[in-house]
Amino acid sequence: MGSELGKELVEALKKGGVDFFMSVPCKLLSGVIASLELDDSITYIPVTREEEAMGIAAGAYLGGRMACLVMQDSGLGNSINALASLIQHFRIPFVLLISYRGTPGEKVGTQVPMAMITEDLLKLLRIPRLHCHRPGDELEIPDMVEHARVAQSAVAILIDFHFVQQRS
Amino acid sequence: MTRNDLLKTLLPLLSEPFVICNIGIPSQELYALGDRDNYFYMLGSMGMCGPIGLGLALSTPAPVVAIEGDGSVLMNLGALVTLAHQGPGNLTLVVIDNGSYGSTGDQPTYTAAGTSLAEVARAAGCTHVVECNGIETADALQTSLKSDHFSVIVAKVDPGNAPVGAVPLHPIMIRERFKNRVATTSFPHGNQQQT
């Protein structure tokens, strides 16, 4: 992902009210991470594991902030208990910006199994989803962030290969 | 000295800071010692206490104390690395290390067999780490609350739980009153540089 698209996605999240970002590394969302590293207007911290970010997001919300984690869909598997028993149990607004690895366009086969269950996991967790597949889908990002606040819930924004290729 | 005995000695220091308290019996003991609206009781999500404290401390200039346990730190060791590099000066991590998974029947943790969480914290990059016994912990916390750097206090105590029941508060109530307290409290003497 180019830094221009990355910056655009970060600005869309900020427009919705996100002011606290975290990340674990991802090639598909590398433009987002590069943009965050240069942005002095927000708090940004890399984390060692996705689950940890669930706690940090909850703490940031208690302090009046709105957090977003940049992650891969594989990280959803690392986070299920914290998502259920912390984020959803205490109804913490939180944005998961998820690279939809393992979808068509993926070159690494081992990414596919988590991709095949990602949307089902999000459904089971009652986490609303926005799937960015075609150019223009990203225009709904600020509304999705607002929805997290209204629904008092985590929301997931899935970014797939098709979207990144079409926008690059 | 048990965890509950230690918590009693810390109570005078816990009236002003925002306190994130670990899942299970630690939260139940703290609640039974006297509920306060500056306490956030974790109800689930073992391993998330330090991270919740970090997120809060990066979002308010007020002092924040995260009361962890040895078992919960061991469950999420990576968080120590993030805390080492991102922990702000208004945050103190108190690890009550009783060498025991107290909430699940007092099975021993590996700290009882020699793992040093203070050494792990130092190796993770934490620069202000104190290991002390239970009696010394209040002094260590007082020092940390006055300091302008992130501190880790590993407090060695004996296993054992007070006979207390579940925290009878709804999660939304715990969240709302704590969040409102943070939003309405000003800390002119806050010692943290907002990041």
# chains A, B, ... in the order shown; residues from 1 in each chain; ligands from 1
>>> select_by_dssp(residues="stretch 60-164 of chain B", states="helix (DSSP H, G or I)", output="count of residues only")
43
>>> closest_atom_pairs(of="chain A", to="chain B", cutoff="10 Å", atoms="only C-alpha atoms", output="Markdown table")
| residue | atom | partner | partner_atom | distance |
| --- | --- | --- | --- | --- |
| A:Phe20 | CA | B:Ser59 | CA | 8.9 |
| A:Asp40 | CA | B:Thr195 | CA | 9.4 |
| A:Ser41 | CA | B:Thr195 | CA | 9.8 |
| A:Ile42 | CA | B:Thr195 | CA | 8.6 |
| A:Thr43 | CA | B:Thr195 | CA | 6.6 |
| A:Tyr44 | CA | B:Thr195 | CA | 9.1 |
| A:Ile45 | CA | B:Gln86 | CA | 7.3 |
| A:Pro46 | CA | B:Thr82 | CA | 7.7 |
| A:Val47 | CA | B:Thr82 | CA | 6.0 |
| A:Thr48 | CA | B:Gly78 | CA | 5.8 |
| A:Arg49 | CA | B:Gly78 | CA | 7.1 |
| A:Glu51 | CA | B:Met48 | CA | 8.1 |
| A:Glu52 | CA | B:Pro51 | CA | 6.0 |
| A:Ala53 | CA | B:Pro51 | CA | 7.1 |
| A:Met54 | CA | B:Met48 | CA | 7.7 |
| A:Gly55 | CA | B:Ile52 | CA | 4.4 |
| A:Ile56 | CA | B:Gly55 | CA | 4.1 |
| A:Ala57 | CA | B:Gly55 | CA | 6.1 |
| A:Ala58 | CA | B:Ile52 | CA | 5.9 |
| A:Gly59 | CA | B:Leu56 | CA | 4.1 |
| A:Ala60 | CA | B:Gly55 | CA | 4.4 |
| A:Tyr61 | CA | B:Leu56 | CA | 7.5 |
| A:Leu62 | CA | B:Lys179 | CA | 4.8 |
| A:Gly63 | CA | B:Ser59 | CA | 5.1 |
| A:Gly64 | CA | B:Ala183 | CA | 7.0 |
| A:Arg65 | CA | B:Ser59 | CA | 6.7 |
| A:Met66 | CA | B:Ser59 | CA | 9.9 |
| A:Ala67 | CA | B:Gly55 | CA | 9.2 |
| A:Ser79 | CA | B:Ser45 | CA | 9.8 |
| A:Ile80 | CA | B:Ser45 | CA | 9.7 |
| A:Asn81 | CA | B:Ser45 | CA | 6.3 |
| A:Ala82 | CA | B:Ser45 | CA | 5.0 |
| A:Leu83 | CA | B:Ser45 | CA | 8.4 |
| A:Ala84 | CA | B:Ser45 | CA | 8.3 |
| A:Ser85 | CA | B:Gly44 | CA | 5.3 |
| A:Leu86 | CA | B:Ser45 | CA | 5.8 |
| A:Ile87 | CA | B:Ser45 | CA | 9.2 |
| A:His89 | CA | B:Pro171 | CA | 6.8 |
| A:Phe90 | CA | B:Pro171 | CA | 5.3 |
| A:Arg91 | CA | B:Ile172 | CA | 7.3 |
| A:Ile92 | CA | B:Arg175 | CA | 8.9 |
>>> write_last_selection(atoms="C-alpha atoms", output="compact mmCIF listing (two decimals), in the first residue's frame")
# COMPACT_ATOMS: atom_id res chain seq x y z
CA PHE A 20 -5.45 7.06 19.52
CA ASP A 40 2.03 14.27 15.45
CA SER A 41 -1.64 15.09 15.93
CA ILE A 42 -2.57 11.70 17.41
CA THR A 43 -1.24 9.20 19.94
CA TYR A 44 0.34 6.24 18.17
CA ILE A 45 1.98 3.20 19.75
CA PRO A 46 3.07 -0.11 18.23
CA VAL A 47 2.04 -3.13 20.35
CA THR A 48 3.50 -6.62 20.60
CA ARG A 49 0.24 -8.53 20.21
CA GLU A 51 -4.86 -8.75 22.52
CA GLU A 52 -2.81 -6.19 24.40
CA ALA A 53 -4.36 -3.43 22.28
CA MET A 54 -7.82 -4.41 23.53
CA GLY A 55 -6.79 -3.40 27.04
CA ILE A 56 -5.08 -0.21 25.88
CA ALA A 57 -8.19 0.75 23.88
CA ALA A 58 -10.39 0.24 26.94
CA GLY A 59 -8.09 2.42 29.05
CA ALA A 60 -7.97 5.11 26.38
CA TYR A 61 -11.78 5.15 26.23
CA LEU A 62 -11.98 5.54 30.02
CA GLY A 63 -9.72 8.56 29.54
CA GLY A 64 -12.05 10.06 26.92
CA ARG A 65 -10.25 8.89 23.80
CA MET A 66 -11.26 6.78 20.81
CA ALA A 67 -8.84 4.06 19.73
CA SER A 79 -7.90 -11.39 20.73
CA ILE A 80 -11.23 -13.19 21.06
CA ASN A 81 -11.40 -13.36 24.86
CA ALA A 82 -10.35 -9.74 25.38
CA LEU A 83 -12.81 -8.63 22.70
CA ALA A 84 -15.66 -10.55 24.32
CA SER A 85 -14.99 -10.13 28.04
CA LEU A 86 -13.49 -6.63 28.02
CA ILE A 87 -14.46 -4.63 24.90
CA HIS A 89 -18.73 -6.77 28.04
CA PHE A 90 -17.95 -3.17 29.06
CA ARG A 91 -19.25 -1.89 25.69
CA ILE A 92 -16.14 0.03 24.67
>>> select_by_dssp(residues="chain B", states="strand (DSSP E or B)", output="count of residues only")
37
>>> closest_residue(among="A:Met71, A:Leu130, A:Val164, A:Leu139", to="A:Glu106", atoms="only C-alpha atoms")
A:Val164
>>> closest_residue(among="B:Gln28, B:Thr137, B:Ser186, B:Gln107", to="B:Val157", atoms="only C-alpha atoms")
B:Thr137
>>> decode(residues="stretch 20-130 of chain A", atoms="C-alpha atoms", output="short mmCIF file (atom, residue, chain, number, x, y, z; two decimals), in the first residue's frame")
data_model
loop_
_atom_site.label_atom_id
_atom_site.label_comp_id
_atom_site.auth_asym_id
_atom_site.auth_seq_id
_atom_site.Cartn_x
_atom_site.Cartn_y
_atom_site.Cartn_z
CA PHE A 20 -5.45 7.06 19.52
CA PHE A 21 -3.87 4.52 17.16
CA MET A 22 -2.06 1.24 17.71
CA SER A 23 -0.59 -1.24 15.27
CA VAL A 24 0.94 -4.60 14.72
CA PRO A 25 2.90 -4.88 11.48
CA CYS A 26 1.18 -5.65 8.15
CA LYS A 27 2.47 -5.40 4.58
CA LEU A 28 -0.97 -4.73 3.09
CA LEU A 29 -1.57 -1.82 5.49
CA SER A 30 2.06 -0.61 5.52
CA GLY A 31 0.98 2.74 4.06
CA VAL A 32 -1.33 3.28 7.05
CA ILE A 33 1.47 2.49 9.50
CA ALA A 34 3.90 4.78 7.66
CA SER A 35 1.36 7.58 7.85
CA LEU A 36 0.78 7.04 11.58
CA GLU A 37 4.50 7.19 12.29
CA LEU A 38 4.62 10.70 10.84
CA ASP A 39 1.43 12.05 12.42
CA ASP A 40 2.03 14.27 15.45
CA SER A 41 -1.64 15.09 15.93
CA ILE A 42 -2.57 11.70 17.41
CA THR A 43 -1.24 9.20 19.94
CA TYR A 44 0.34 6.24 18.17
CA ILE A 45 1.98 3.20 19.75
CA PRO A 46 3.07 -0.11 18.23
CA VAL A 47 2.04 -3.13 20.35
CA THR A 48 3.50 -6.62 20.60
CA ARG A 49 0.24 -8.53 20.21
CA GLU A 50 -3.31 -7.64 19.22
CA GLU A 51 -4.86 -8.75 22.52
CA GLU A 52 -2.81 -6.19 24.40
CA ALA A 53 -4.36 -3.43 22.28
CA MET A 54 -7.82 -4.41 23.53
CA GLY A 55 -6.79 -3.40 27.04
CA ILE A 56 -5.08 -0.21 25.88
CA ALA A 57 -8.19 0.75 23.88
CA ALA A 58 -10.39 0.24 26.94
CA GLY A 59 -8.09 2.42 29.05
CA ALA A 60 -7.97 5.11 26.38
CA TYR A 61 -11.78 5.15 26.23
CA LEU A 62 -11.98 5.54 30.02
CA GLY A 63 -9.72 8.56 29.54
CA GLY A 64 -12.05 10.06 26.92
CA ARG A 65 -10.25 8.89 23.80
CA MET A 66 -11.26 6.78 20.81
CA ALA A 67 -8.84 4.06 19.73
CA CYS A 68 -8.13 2.13 16.56
CA LEU A 69 -5.93 -0.94 16.10
CA VAL A 70 -4.29 -1.62 12.74
CA MET A 71 -4.07 -5.40 12.50
CA GLN A 72 -4.34 -8.49 10.31
CA ASP A 73 -7.31 -10.83 10.39
CA SER A 74 -5.02 -13.43 12.00
CA GLY A 75 -4.87 -11.12 15.03
CA LEU A 76 -8.57 -11.56 15.57
CA GLY A 77 -7.76 -15.08 16.71
CA ASN A 78 -5.28 -13.68 19.24
CA SER A 79 -7.90 -11.39 20.73
CA ILE A 80 -11.23 -13.19 21.06
CA ASN A 81 -11.40 -13.36 24.86
CA ALA A 82 -10.35 -9.74 25.38
CA LEU A 83 -12.81 -8.63 22.70
CA ALA A 84 -15.66 -10.55 24.32
CA SER A 85 -14.99 -10.13 28.04
CA LEU A 86 -13.49 -6.63 28.02
CA ILE A 87 -14.46 -4.63 24.90
CA GLN A 88 -17.94 -6.04 24.37
CA HIS A 89 -18.73 -6.77 28.04
CA PHE A 90 -17.95 -3.17 29.06
CA ARG A 91 -19.25 -1.89 25.69
CA ILE A 92 -16.14 0.03 24.67
CA PRO A 93 -16.27 1.88 21.32
CA PHE A 94 -13.21 0.74 19.37
CA VAL A 95 -12.19 0.47 15.71
CA LEU A 96 -10.41 -2.55 14.26
CA LEU A 97 -8.78 -1.68 10.93
CA ILE A 98 -8.14 -5.16 9.59
CA SER A 99 -6.08 -6.15 6.57
CA TYR A 100 -8.14 -8.90 5.01
CA ARG A 101 -5.23 -11.22 4.34
CA GLY A 102 -6.04 -14.59 2.80
CA THR A 103 -8.65 -13.22 0.40
CA PRO A 104 -8.25 -13.35 -3.45
CA GLY A 105 -4.97 -11.70 -4.35
CA GLU A 106 -3.19 -13.31 -1.39
CA LYS A 107 0.07 -15.09 -2.23
CA VAL A 108 0.61 -16.72 1.20
CA GLY A 109 -1.56 -19.81 1.59
CA THR A 110 -1.30 -19.98 5.35
CA GLN A 111 -3.21 -16.69 5.60
CA VAL A 112 -6.31 -18.26 4.04
CA PRO A 113 -7.74 -20.30 6.96
CA MET A 114 -8.21 -17.25 9.22
CA ALA A 115 -9.67 -15.29 6.30
CA MET A 116 -12.27 -18.01 5.80
CA ILE A 117 -13.60 -17.60 9.36
CA THR A 118 -12.98 -13.88 9.94
CA GLU A 119 -16.46 -12.61 9.04
CA ASP A 120 -18.11 -15.47 10.95
CA LEU A 121 -16.03 -14.62 14.04
CA LEU A 122 -17.04 -10.96 13.77
CA LYS A 123 -20.69 -12.00 13.42
CA LEU A 124 -20.44 -14.25 16.49
CA LEU A 125 -18.95 -11.35 18.45
CA ARG A 126 -21.78 -9.04 17.21
CA ILE A 127 -19.16 -6.69 15.77
CA PRO A 128 -20.50 -4.56 12.86
CA ARG A 129 -18.37 -4.74 9.70
CA LEU A 130 -17.47 -2.52 6.79
#
